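Student: Structure file final_21.cif (mmCIF, C-alpha atoms and all ligand atoms) right here:
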```
data_structure
loop_
_atom_site.label_atom_id
_atom_site.label_comp_id
_atom_site.auth_asym_id
_atom_site.auth_seq_id
_atom_site.Cartn_x
_atom_site.Cartn_y
_atom_site.Cartn_z
CA MET A 1160 -7.87 27.89 46.64
CA THR A 1161 -4.18 28.47 45.94
CA ALA A 1162 -2.80 26.12 43.31
CA GLU A 1163 0.48 24.29 43.97
CA CYS A 1164 1.83 25.30 40.60
CA ALA A 1165 0.42 28.09 38.47
CA PRO A 1166 0.25 27.35 34.74
CA LEU A 1167 3.41 29.28 33.86
CA ASP A 1168 5.48 28.84 37.01
CA ASN A 1169 7.94 26.55 35.31
CA VAL A 1170 8.30 28.81 32.33
CA ILE A 1171 8.83 31.99 34.30
CA ARG A 1172 10.70 30.71 37.37
CA PRO A 1173 12.55 27.53 36.47
CA GLY A 1174 14.33 25.19 38.76
CA ALA A 1175 15.90 25.91 42.12
CA PRO A 1176 17.61 29.27 41.65
CA ASP A 1177 19.07 29.20 45.18
CA GLY A 1178 20.79 25.82 44.87
CA PRO A 1179 23.53 24.47 42.63
CA SER A 1180 22.65 24.24 38.97
CA GLY A 1181 23.26 20.89 37.30
CA VAL A 1182 21.85 21.63 33.89
CA ALA A 1183 21.58 24.58 31.54
CA LEU A 1184 19.10 25.22 28.75
CA THR A 1185 19.89 27.50 25.83
CA ASP A 1186 17.85 28.52 22.82
CA LEU A 1187 20.42 28.58 20.01
CA ARG A 1188 17.91 30.72 18.09
CA PHE A 1189 19.34 30.70 14.58
CA VAL A 1190 21.33 27.78 13.22
CA GLY A 1191 21.71 27.34 9.46
CA GLN A 1192 20.12 24.02 8.45
CA VAL A 1193 19.93 22.37 5.06
CA ASP A 1194 18.06 19.13 4.43
CA LEU A 1195 19.80 17.17 1.67
CA ARG A 1196 18.19 14.29 -0.20
CA VAL A 1197 20.53 12.45 -2.55
CA ARG A 1198 21.46 8.86 -3.38
CA GLY A 1199 23.81 6.72 -5.45
CA ASP A 1200 26.72 8.54 -7.06
CA GLY A 1201 25.33 11.83 -5.79
CA ILE A 1202 26.42 10.96 -2.24
CA ALA A 1203 30.11 11.07 -3.22
CA ALA A 1204 29.53 14.20 -5.32
CA ALA A 1205 27.95 15.95 -2.34
CA GLY A 1206 30.92 14.92 -0.24
CA ARG A 1207 33.32 16.52 -2.71
CA ALA A 1208 31.33 19.75 -2.49
CA LEU A 1209 31.42 19.66 1.30
CA GLY A 1210 35.08 18.72 1.59
CA TYR A 1211 34.34 15.57 3.56
CA ALA A 1212 32.38 12.39 2.91
CA LEU A 1213 28.72 12.33 3.90
CA PRO A 1214 28.36 9.81 6.74
CA VAL A 1215 26.73 6.67 5.37
CA GLU A 1216 26.72 4.69 8.59
CA ALA A 1217 23.28 5.09 10.17
CA ASN A 1218 22.96 7.68 12.93
CA THR A 1219 26.47 9.12 12.65
CA THR A 1220 27.82 12.56 11.76
CA GLY A 1221 30.63 13.91 9.65
CA GLY A 1222 32.02 17.39 9.35
CA ASP A 1223 34.97 19.73 9.10
CA GLY A 1224 34.22 22.31 11.78
CA ALA A 1225 32.48 24.63 9.33
CA THR A 1226 29.54 22.35 8.59
CA LEU A 1227 28.24 19.19 10.21
CA ALA A 1228 26.34 16.51 8.27
CA CYS A 1229 23.92 14.42 10.32
CA TRP A 1230 22.63 11.10 8.93
CA LEU A 1231 18.82 11.13 8.88
CA GLY A 1232 18.22 8.21 6.53
CA PRO A 1233 20.00 6.26 3.78
CA ASP A 1234 19.30 9.13 1.36
CA GLU A 1235 18.82 12.07 3.72
CA TRP A 1236 21.12 14.29 5.77
CA LEU A 1237 20.71 17.44 7.81
CA ILE A 1238 23.67 19.73 7.22
CA VAL A 1239 24.17 22.29 9.96
CA THR A 1240 26.11 25.48 9.36
CA GLU A 1241 26.48 28.92 10.89
CA ASP A 1242 23.44 31.13 10.53
CA GLY A 1243 23.51 32.82 7.16
CA GLY A 1244 25.69 30.11 5.60
CA GLN A 1245 22.79 28.05 4.32
CA ALA A 1246 22.26 29.90 1.00
CA GLU A 1247 25.89 29.49 -0.04
CA LEU A 1248 25.81 25.87 1.10
CA ILE A 1249 22.73 25.13 -0.99
CA GLN A 1250 24.29 26.80 -4.02
CA ARG A 1251 27.49 24.79 -3.60
CA LEU A 1252 25.56 21.52 -3.25
CA SER A 1253 23.23 22.29 -6.14
CA GLU A 1254 26.16 23.00 -8.48
CA ALA A 1255 27.96 19.80 -7.47
CA LEU A 1256 24.75 17.76 -7.81
CA ALA A 1257 23.55 19.24 -11.10
CA GLY A 1258 23.68 15.86 -12.80
CA HIS A 1259 22.09 13.94 -9.93
CA ALA A 1260 18.54 13.72 -8.66
CA HIS A 1261 18.63 15.62 -5.39
CA ALA A 1262 16.94 18.18 -3.18
CA ALA A 1263 18.78 20.67 -0.98
CA THR A 1264 16.24 22.56 1.08
CA ASP A 1265 16.72 25.42 3.52
CA VAL A 1266 14.95 24.28 6.70
CA THR A 1267 16.60 26.84 8.98
CA ASP A 1268 13.34 28.51 9.92
CA ALA A 1269 11.46 25.23 10.28
CA ARG A 1270 13.32 23.95 13.33
CA ALA A 1271 14.36 25.27 16.71
CA VAL A 1272 17.59 24.13 18.33
CA LEU A 1273 17.57 23.76 22.11
CA ARG A 1274 20.86 23.07 23.87
CA LEU A 1275 20.72 21.01 27.04
CA ALA A 1276 24.10 21.07 28.77
CA GLY A 1277 25.68 20.47 32.15
CA ALA A 1278 26.50 17.49 34.33
CA CYS A 1279 22.85 16.42 34.64
CA ALA A 1280 21.83 16.82 31.00
CA ARG A 1281 21.64 13.05 30.51
CA PRO A 1282 19.24 12.22 33.38
CA VAL A 1283 17.03 15.14 32.35
CA LEU A 1284 16.80 13.97 28.75
CA ALA A 1285 16.39 10.34 29.82
CA LYS A 1286 13.11 11.21 31.52
CA GLY A 1287 11.49 11.67 28.13
CA CYS A 1288 13.69 9.93 25.58
CA PRO A 1289 13.72 6.17 24.93
CA LEU A 1290 17.24 6.06 23.44
CA ASP A 1291 20.17 4.47 25.27
CA LEU A 1292 21.92 7.75 26.08
CA HIS A 1293 24.99 6.24 27.73
CA PRO A 1294 28.14 7.75 26.14
CA ARG A 1295 29.42 4.30 25.17
CA SER A 1296 26.57 4.02 22.68
CA PHE A 1297 25.58 7.65 22.14
CA GLY A 1298 28.44 10.13 22.29
CA VAL A 1299 29.89 12.85 20.10
CA GLY A 1300 29.96 11.67 16.49
CA ARG A 1301 26.56 10.05 16.74
CA VAL A 1302 23.09 11.46 16.11
CA ALA A 1303 19.59 10.03 16.35
CA GLN A 1304 16.05 10.92 15.54
CA SER A 1305 13.72 9.80 18.26
CA LEU A 1306 11.12 11.13 20.68
CA VAL A 1307 11.59 13.66 23.47
CA ALA A 1308 8.50 13.90 25.63
CA ARG A 1309 6.56 12.39 22.69
CA ALA A 1310 7.78 15.12 20.30
CA GLN A 1311 9.85 14.04 17.30
CA ALA A 1312 13.36 15.39 17.65
CA MET A 1313 16.86 15.03 16.28
CA ILE A 1314 19.26 14.55 19.17
CA LEU A 1315 22.91 15.45 18.75
CA PRO A 1316 25.38 14.76 21.58
CA ILE A 1317 27.79 17.65 22.07
CA GLU A 1318 31.20 18.00 23.73
CA GLY A 1319 30.97 18.09 27.49
CA GLY A 1320 28.08 15.66 27.81
CA GLY A 1321 25.07 17.67 26.66
CA TYR A 1322 22.75 17.54 23.66
CA ASP A 1323 21.43 19.78 20.95
CA LEU A 1324 17.75 19.03 20.38
CA VAL A 1325 16.40 19.93 16.95
CA VAL A 1326 12.60 20.11 16.84
CA ALA A 1327 9.91 21.56 14.63
CA ARG A 1328 9.47 25.15 15.69
CA SER A 1329 5.83 24.55 16.58
CA PHE A 1330 7.05 22.09 19.26
CA ALA A 1331 9.76 24.37 20.62
CA GLY A 1332 7.68 26.14 23.26
CA TYR A 1333 6.26 22.86 24.50
CA LEU A 1334 9.66 21.18 24.67
CA TRP A 1335 11.20 24.23 26.37
CA ALA A 1336 8.56 24.10 29.09
CA TRP A 1337 8.90 20.33 29.42
CA LEU A 1338 12.71 20.57 29.81
CA LEU A 1339 12.40 23.27 32.48
CA ASP A 1340 10.01 21.04 34.39
CA ALA A 1341 12.16 17.92 33.92
CA GLY A 1342 15.29 19.83 34.91
CA ALA A 1343 13.80 21.54 37.95
CA GLU A 1344 15.00 18.89 40.41
CA TYR A 1345 18.59 19.30 39.15
CA GLY A 1346 18.50 23.08 39.31
CA ILE A 1347 18.08 24.18 35.73
CA ARG A 1348 19.23 27.59 34.56
CA ILE A 1349 18.55 29.38 31.32
CA GLU A 1350 21.58 30.64 29.43
CA SER A 1351 21.66 32.92 26.46
CA MET B 825 6.25 -2.25 24.52
CA LEU B 826 7.92 -3.92 21.55
CA LEU B 827 11.57 -3.36 20.71
CA ILE B 828 11.55 -3.22 16.93
CA PRO B 829 14.82 -3.73 15.01
CA CYS B 830 14.83 -1.05 12.31
CA PRO B 831 17.10 -2.37 9.51
CA TRP B 832 18.95 0.97 9.58
CA CYS B 833 18.78 2.26 13.16
CA GLY B 834 18.75 -0.95 15.18
CA GLU B 835 16.44 -1.69 18.09
CA ARG B 836 14.11 1.15 18.99
CA VAL B 837 10.96 1.35 21.08
CA GLU B 838 7.59 0.74 19.46
CA ALA B 839 6.46 4.33 20.10
CA GLU B 840 8.84 5.51 17.37
CA PHE B 841 7.06 3.41 14.73
CA ARG B 842 3.78 3.21 12.88
CA TYR B 843 2.20 -0.09 11.96
CA GLY B 844 1.41 -0.68 8.29
CA GLY B 845 -0.52 -3.95 8.35
CA GLU B 846 0.09 -7.17 6.50
CA ALA B 847 3.04 -7.05 4.11
CA HIS B 848 3.47 -8.12 0.51
CA LEU B 849 -0.14 -7.64 -0.60
CA LYS B 850 -0.34 -7.52 -4.37
CA ARG B 851 -2.50 -4.80 -5.87
CA PRO B 852 -4.67 -6.12 -8.73
CA ASP B 853 -2.98 -5.34 -12.05
CA ASN B 854 -5.89 -3.33 -13.38
CA HIS B 855 -8.05 -2.10 -10.57
CA LEU B 856 -10.41 -0.32 -12.95
CA LEU B 857 -11.29 -3.52 -14.77
CA CYS B 858 -11.00 -6.15 -12.05
CA SER B 859 -14.13 -7.50 -10.40
CA ASP B 860 -15.55 -6.02 -7.21
CA GLU B 861 -14.75 -9.30 -5.49
CA THR B 862 -11.08 -9.10 -6.49
CA TRP B 863 -10.84 -5.47 -5.41
CA ALA B 864 -12.59 -6.12 -2.11
CA GLU B 865 -10.28 -9.08 -1.49
CA TYR B 866 -7.30 -6.78 -1.94
CA LEU B 867 -8.71 -3.91 0.10
CA PHE B 868 -10.29 -5.65 3.04
CA MET B 869 -9.31 -9.29 3.42
CA ARG B 870 -6.26 -10.14 5.56
CA ARG B 871 -4.78 -13.44 6.69
CA ASN B 872 -4.87 -12.40 10.36
CA PRO B 873 -2.94 -15.47 11.52
CA LYS B 874 -2.34 -16.60 15.06
CA GLY B 875 1.36 -17.12 14.53
CA TRP B 876 4.13 -15.72 12.38
CA HIS B 877 3.15 -12.70 10.35
CA ARG B 878 5.00 -10.63 7.77
CA GLU B 879 4.03 -7.03 8.35
CA ARG B 880 4.98 -3.48 7.45
CA TRP B 881 6.35 -0.92 9.88
CA MET B 882 7.57 2.61 9.37
CA HIS B 883 10.19 4.26 11.56
CA LEU B 884 8.21 7.48 11.84
CA ALA B 885 10.17 9.24 14.60
CA GLY B 886 13.50 7.92 13.27
CA CYS B 887 14.76 7.36 9.74
CA LYS B 888 11.22 7.38 8.27
CA ARG B 889 11.74 4.23 6.20
CA TRP B 890 9.15 1.56 5.55
CA PHE B 891 10.42 -1.97 6.13
CA TYR B 892 9.18 -5.47 6.97
CA VAL B 893 9.06 -7.37 10.24
CA VAL B 894 8.37 -11.04 10.94
CA ARG B 895 6.40 -11.00 14.19
CA HIS B 896 4.51 -13.68 16.08
CA THR B 897 1.02 -12.34 16.71
CA GLN B 898 0.53 -14.41 19.86
CA THR B 899 3.91 -14.07 21.60
CA HIS B 900 4.99 -10.76 20.01
CA ARG B 901 8.40 -12.30 19.36
CA ILE B 902 10.14 -10.63 16.41
CA ALA B 903 12.18 -13.05 14.33
CA ALA B 904 13.50 -10.77 11.59
CA ALA B 905 13.37 -7.34 10.00
CA TYR B 906 14.25 -6.71 6.38
CA LYS B 907 14.34 -3.88 3.89
CA VAL B 908 12.04 -3.36 0.94
CA GLY B 909 13.51 -5.32 -1.96
CA GLU B 910 15.50 -7.74 0.18
CA ALA B 911 14.93 -11.49 0.10
CA TRP B 912 12.26 -12.64 2.53
CA PRO B 913 13.77 -14.40 5.55
CA ALA B 914 12.17 -17.77 6.21
CA LEU B 915 9.47 -17.97 8.89
CA PRO B 916 10.66 -19.71 12.06
CA ALA B 917 9.40 -23.26 12.57
ZN ZN A 1401 15.18 3.66 11.45
#
```
Represent the structure of the file as structure tokens.
Tutor:
Amino acid sequence: MTAECAPLDNVIRPGAPDGPSGVALTDLRFVGQVDLRVRGDGIAAAGRALGYALPVEANTTGGDGATLACWLGPDEWLIVTEDGGQAELIQRLSEALAGHAHAATDVTDARAVLRLAGACARPVLAKGCPLDLHPRSFGVGRVAQSLVARAQAMILPIEGGGYDLVVARSFAGYLWAWLLDAGAEYGIRIES
Amino acid sequence: MLLIPCPWCGERVEAEFRYGGEAHLKRPDNHLLCSDETWAEYLFMRRNPKGWHRERWMHLAGCKRWFYVVRHTQTHRIAAAYKVGEAWPALPA
């Protein structure tokens, strides 16, 4: 008996390649990521080292174009930088925070970053994410940790209406396959 | 599904959280010397009310903080959420 959908159909041949493509999926591969735990006076000290204040409002971001600090909790941030910049960033933070209890940890290799972009990125993500994704409540400058297809993820809205999805690398293959399946009806294409 | 108001993140769906049981239980001061009855009372016995209940939740898929919720165990209405260390909001009438 011929199956409707072979196990890897959606991984190998995504979407509707003949029709218009409403959404694009990209594996950003290597993005420098530093998890920073700090509290009290250390928050301002870390801001001086970064050149901008760490965002203290829940689920917001701050940055200067070189690095982007994403609020993860009242004493935790994920600081994103170009690949290779994480060692220098950790050194800079550690020197500025020498007198404060803190932890600056390189988590670059622990997480994958999947970029979902295009006009239909929002309805694709909405299939598996319980957040209110409307731009009036979740646009550039905001960030959230939530669930995507039951996998824990950090979701970062990007310019142009898409999202960067940061997930544990062990979930990346699963989420990749899920996004290709969810995006199939909109014509999903893979970009490099 | 419950909409749970995380004190940091605001309302999120229940699937993002883990339940932590009855709140504000006091561990016996010296659990090595206290009686078995006192220890068992602490470990196993819960109020289990039909009504308003102070309970612990953790925002596992979000900010990963433990906090407290006042929830009605019959209607599932949530009256308040508060952080560890904050004053307890009064139970609704
Ligand atoms: Zn939260």
Student: Let me see if you get this right: every residue at most 7 Å from ligand ZN 1401 (chain A), counting all atoms listed in the file, written as a list in words.
Tutor: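 The residues within 7 Å of ligand ZN 1401 (chain A), counting all atoms listed in the file, are Cys830, Pro831, Trp832, Cys833, Gly834, His883, Gly886, Cys887, Lys888 and Arg889 of chain B.
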Student: With all atoms listed in the file counted and 9 Å as the cut-off, give the residues of chain A in contact with chain B, each with its shortest interatomic distance in Å and the pair that gives it, as CSV.
Tutor:
```
residue,atom,partner,partner_atom,distance
A:Glu1216,CA,B:Trp832,CA,8.7
A:Ala1217,CA,B:Trp832,CA,6.0
A:Asn1218,CA,B:Cys833,CA,6.8
A:Trp1230,CA,B:Cys887,CA,8.8
A:Leu1231,CA,B:Cys887,CA,5.6
A:Gly1232,CA,B:Cys887,CA,4.8
A:Pro1233,CA,B:Trp832,CA,7.9
A:Glu1235,CA,B:Cys887,CA,8.7
A:Pro1289,CA,B:Val837,CA,6.8
A:Leu1290,CA,B:Arg836,CA,7.3
A:Ala1303,CA,B:Gly886,CA,7.1
A:Gln1304,CA,B:Gly886,CA,4.5
A:Ser1305,CA,B:Ala885,CA,5.1
A:Leu1306,CA,B:Ala885,CA,6.4
A:Arg1309,CA,B:Ala839,CA,8.5
A:Ala1310,CA,B:Ala885,CA,8.5
A:Gln1311,CA,B:Ala885,CA,5.5
A:Ala1312,CA,B:Ala885,CA,7.6
A:Met1313,CA,B:Gly886,CA,8.4
```
Student: If we count all atoms listed in the file and set the cut-off at 12 Å, which residues sit around Tyr906 (chain B), ignoring sequence neighbours fewer than 3 positions away in its own chain? Please answer as a CSV table (one decimal) with C-alpha atoms, in the frame of the given file.
Tutor:
```
chain,number,residue,atom,x,y,z
B,828,ILE,CA,11.6,-3.2,16.9
B,829,PRO,CA,14.8,-3.7,15.0
B,830,CYS,CA,14.8,-1.0,12.3
B,831,PRO,CA,17.1,-2.4,9.5
B,832,TRP,CA,19.0,1.0,9.6
B,834,GLY,CA,18.8,-1.0,15.2
B,847,ALA,CA,3.0,-7.0,4.1
B,878,ARG,CA,5.0,-10.6,7.8
B,879,GLU,CA,4.0,-7.0,8.4
B,880,ARG,CA,5.0,-3.5,7.4
B,881,TRP,CA,6.4,-0.9,9.9
B,882,MET,CA,7.6,2.6,9.4
B,889,ARG,CA,11.7,4.2,6.2
B,890,TRP,CA,9.2,1.6,5.6
B,891,PHE,CA,10.4,-2.0,6.1
B,892,TYR,CA,9.2,-5.5,7.0
B,893,VAL,CA,9.1,-7.4,10.2
B,894,VAL,CA,8.4,-11.0,10.9
B,895,ARG,CA,6.4,-11.0,14.2
B,902,ILE,CA,10.1,-10.6,16.4
B,903,ALA,CA,12.2,-13.0,14.3
B,909,GLY,CA,13.5,-5.3,-2.0
B,910,GLU,CA,15.5,-7.7,0.2
B,911,ALA,CA,14.9,-11.5,0.1
B,912,TRP,CA,12.3,-12.6,2.5
B,913,PRO,CA,13.8,-14.4,5.6
B,914,ALA,CA,12.2,-17.8,6.2
```
Student: Which residues are close to region 1245-1262 of chain A, i.e. within 12 Å by all atoms listed in the file, leaving aside same-chain residues fewer than 5 positions away? Reply as a PDB file with C-alpha atoms, keeping the file's coordinate frame.
Tutor:
```
ATOM      1  CA  PHE A1189      19.340  30.700  14.580  1.00  0.00           C
ATOM      2  CA  VAL A1190      21.330  27.780  13.220  1.00  0.00           C
ATOM      3  CA  GLY A1191      21.710  27.340   9.460  1.00  0.00           C
ATOM      4  CA  GLN A1192      20.120  24.020   8.450  1.00  0.00           C
ATOM      5  CA  VAL A1193      19.930  22.370   5.060  1.00  0.00           C
ATOM      6  CA  ASP A1194      18.060  19.130   4.430  1.00  0.00           C
ATOM      7  CA  LEU A1195      19.800  17.170   1.670  1.00  0.00           C
ATOM      8  CA  ARG A1196      18.190  14.290  -0.200  1.00  0.00           C
ATOM      9  CA  VAL A1197      20.530  12.450  -2.550  1.00  0.00           C
ATOM     10  CA  ARG A1198      21.460   8.860  -3.380  1.00  0.00           C
ATOM     11  CA  GLY A1199      23.810   6.720  -5.450  1.00  0.00           C
ATOM     12  CA  ASP A1200      26.720   8.540  -7.060  1.00  0.00           C
ATOM     13  CA  GLY A1201      25.330  11.830  -5.790  1.00  0.00           C
ATOM     14  CA  ILE A1202      26.420  10.960  -2.240  1.00  0.00           C
ATOM     15  CA  ALA A1203      30.110  11.070  -3.220  1.00  0.00           C
ATOM     16  CA  ALA A1204      29.530  14.200  -5.320  1.00  0.00           C
ATOM     17  CA  ALA A1205      27.950  15.950  -2.340  1.00  0.00           C
ATOM     18  CA  GLY A1206      30.920  14.920  -0.240  1.00  0.00           C
ATOM     19  CA  ARG A1207      33.320  16.520  -2.710  1.00  0.00           C
ATOM     20  CA  ALA A1208      31.330  19.750  -2.490  1.00  0.00           C
ATOM     21  CA  LEU A1209      31.420  19.660   1.300  1.00  0.00           C
ATOM     22  CA  GLY A1210      35.080  18.720   1.590  1.00  0.00           C
ATOM     23  CA  ALA A1225      32.480  24.630   9.330  1.00  0.00           C
ATOM     24  CA  THR A1226      29.540  22.350   8.590  1.00  0.00           C
ATOM     25  CA  LEU A1227      28.240  19.190  10.210  1.00  0.00           C
ATOM     26  CA  ALA A1228      26.340  16.510   8.270  1.00  0.00           C
ATOM     27  CA  ASP A1234      19.300   9.130   1.360  1.00  0.00           C
ATOM     28  CA  GLU A1235      18.820  12.070   3.720  1.00  0.00           C
ATOM     29  CA  TRP A1236      21.120  14.290   5.770  1.00  0.00           C
ATOM     30  CA  LEU A1237      20.710  17.440   7.810  1.00  0.00           C
ATOM     31  CA  ILE A1238      23.670  19.730   7.220  1.00  0.00           C
ATOM     32  CA  VAL A1239      24.170  22.290   9.960  1.00  0.00           C
ATOM     33  CA  THR A1240      26.110  25.480   9.360  1.00  0.00           C
ATOM     34  CA  THR A1267      16.600  26.840   8.980  1.00  0.00           C
ATOM     35  CA  ASP A1268      13.340  28.510   9.920  1.00  0.00           C
TER      36      ASP A1268
END
```
Student: Distance CA of Leu1315 (chain A)-CA of Val1272 (chain A), one decimal place?
Tutor: 10.2 Å
Student: Suppose you want the space between CA of Leu1184 (chain A) and CA of Asp1340 (chain A); what is it in Å?
Tutor: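 Separation between CA of Leu1184 (chain A) and CA of Asp1340 (chain A): 11.5 Å.
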Student: Identify, on the basis of all atoms listed in the file, every residue whose closest approach to region 862-864 of chain B does not exceed 9 Å; exclude the query and any residue fewer than 6 positions from it along the same chain; express the result as a list in words.
Tutor: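 Listed by chain and then number, they are Arg851, Pro852 and His855 of chain B.
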Student: What's the separation between CA of Ala1278 (chain A) and CA of Gly1332 (chain A), in Å to one decimal place?
Tutor: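 Distance reported for this atom pair: 23.5 Å.
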Student: Using only C-alpha atoms, find the one residue out of A:Ala1263, A:Leu1213, A:Ile1317, A:Ala1280 that sits nearest to Arg1348 (chain A).
Tutor: A:Ala1280
Student: When distances are computed from all atoms listed in the file, which of A:Ala1212, A:Glu1318, A:Arg1188, A:Cys1288 shows the smallest separation from Glu1241 (chain A)?
Tutor: A:Arg1188
Student: Calculate, to one decimal in Å, the centre and edge lengths of the box along x, y and z of the file that holds all listed atoms of region 899-914 of chain B with 4 Å of margin on each side, and present them as JSON.
Tutor:
```
{"center_x": 9.7, "center_y": -10.6, "center_z": 9.8, "size_x": 19.6, "size_y": 22.4, "size_z": 31.6}
```
Student: Using all atoms listed in the file, can you tell me which of A:Tyr1211, A:Thr1219, A:Ala1331, A:Ala1276 comes closest to Ser1296 (chain A)?
Tutor: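 With all atoms listed in the file as the atom set, the closest residue is A:Thr1219.
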Student: Regenerate region 882-893 of chain B at the level of N, CA, C and O atoms and dump it as a compact mmCIF listing (two decimals), in the coordinates of the input.
Tutor:
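So out-v1.txt came out as:
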```
# COMPACT_ATOMS: atom_id res chain seq x y z
N MET B 882 6.85 1.43 9.84
CA MET B 882 7.57 2.61 9.37
C MET B 882 8.19 3.31 10.57
O MET B 882 7.52 3.53 11.58
N HIS B 883 9.48 3.64 10.44
CA HIS B 883 10.19 4.26 11.56
C HIS B 883 9.92 5.77 11.56
O HIS B 883 10.78 6.57 11.19
N LEU B 884 8.72 6.11 12.00
CA LEU B 884 8.21 7.48 11.84
C LEU B 884 9.05 8.53 12.58
O LEU B 884 9.37 9.57 12.03
N ALA B 885 9.42 8.25 13.83
CA ALA B 885 10.17 9.24 14.60
C ALA B 885 11.67 9.12 14.35
O ALA B 885 12.45 9.89 14.88
N GLY B 886 12.08 8.13 13.55
CA GLY B 886 13.50 7.92 13.27
C GLY B 886 13.82 8.20 11.82
O GLY B 886 13.62 9.31 11.34
N CYS B 887 14.27 7.16 11.11
CA CYS B 887 14.76 7.36 9.74
C CYS B 887 13.64 7.43 8.71
O CYS B 887 13.90 7.66 7.53
N LYS B 888 12.40 7.20 9.14
CA LYS B 888 11.22 7.38 8.27
C LYS B 888 11.18 6.41 7.11
O LYS B 888 10.61 6.72 6.06
N ARG B 889 11.79 5.25 7.27
CA ARG B 889 11.74 4.23 6.20
C ARG B 889 10.68 3.21 6.52
O ARG B 889 10.49 2.81 7.68
N TRP B 890 10.01 2.73 5.45
CA TRP B 890 9.15 1.56 5.55
C TRP B 890 10.02 0.32 5.46
O TRP B 890 10.99 0.30 4.68
N PHE B 891 9.70 -0.71 6.22
CA PHE B 891 10.42 -1.97 6.13
C PHE B 891 9.49 -3.08 6.61
O PHE B 891 8.32 -2.83 6.92
N TYR B 892 10.01 -4.31 6.62
CA TYR B 892 9.18 -5.47 6.97
C TYR B 892 9.68 -6.13 8.25
O TYR B 892 10.88 -6.13 8.54
N VAL B 893 8.74 -6.66 8.98
CA VAL B 893 9.06 -7.37 10.24
C VAL B 893 8.34 -8.71 10.21
O VAL B 893 7.21 -8.81 9.75
```
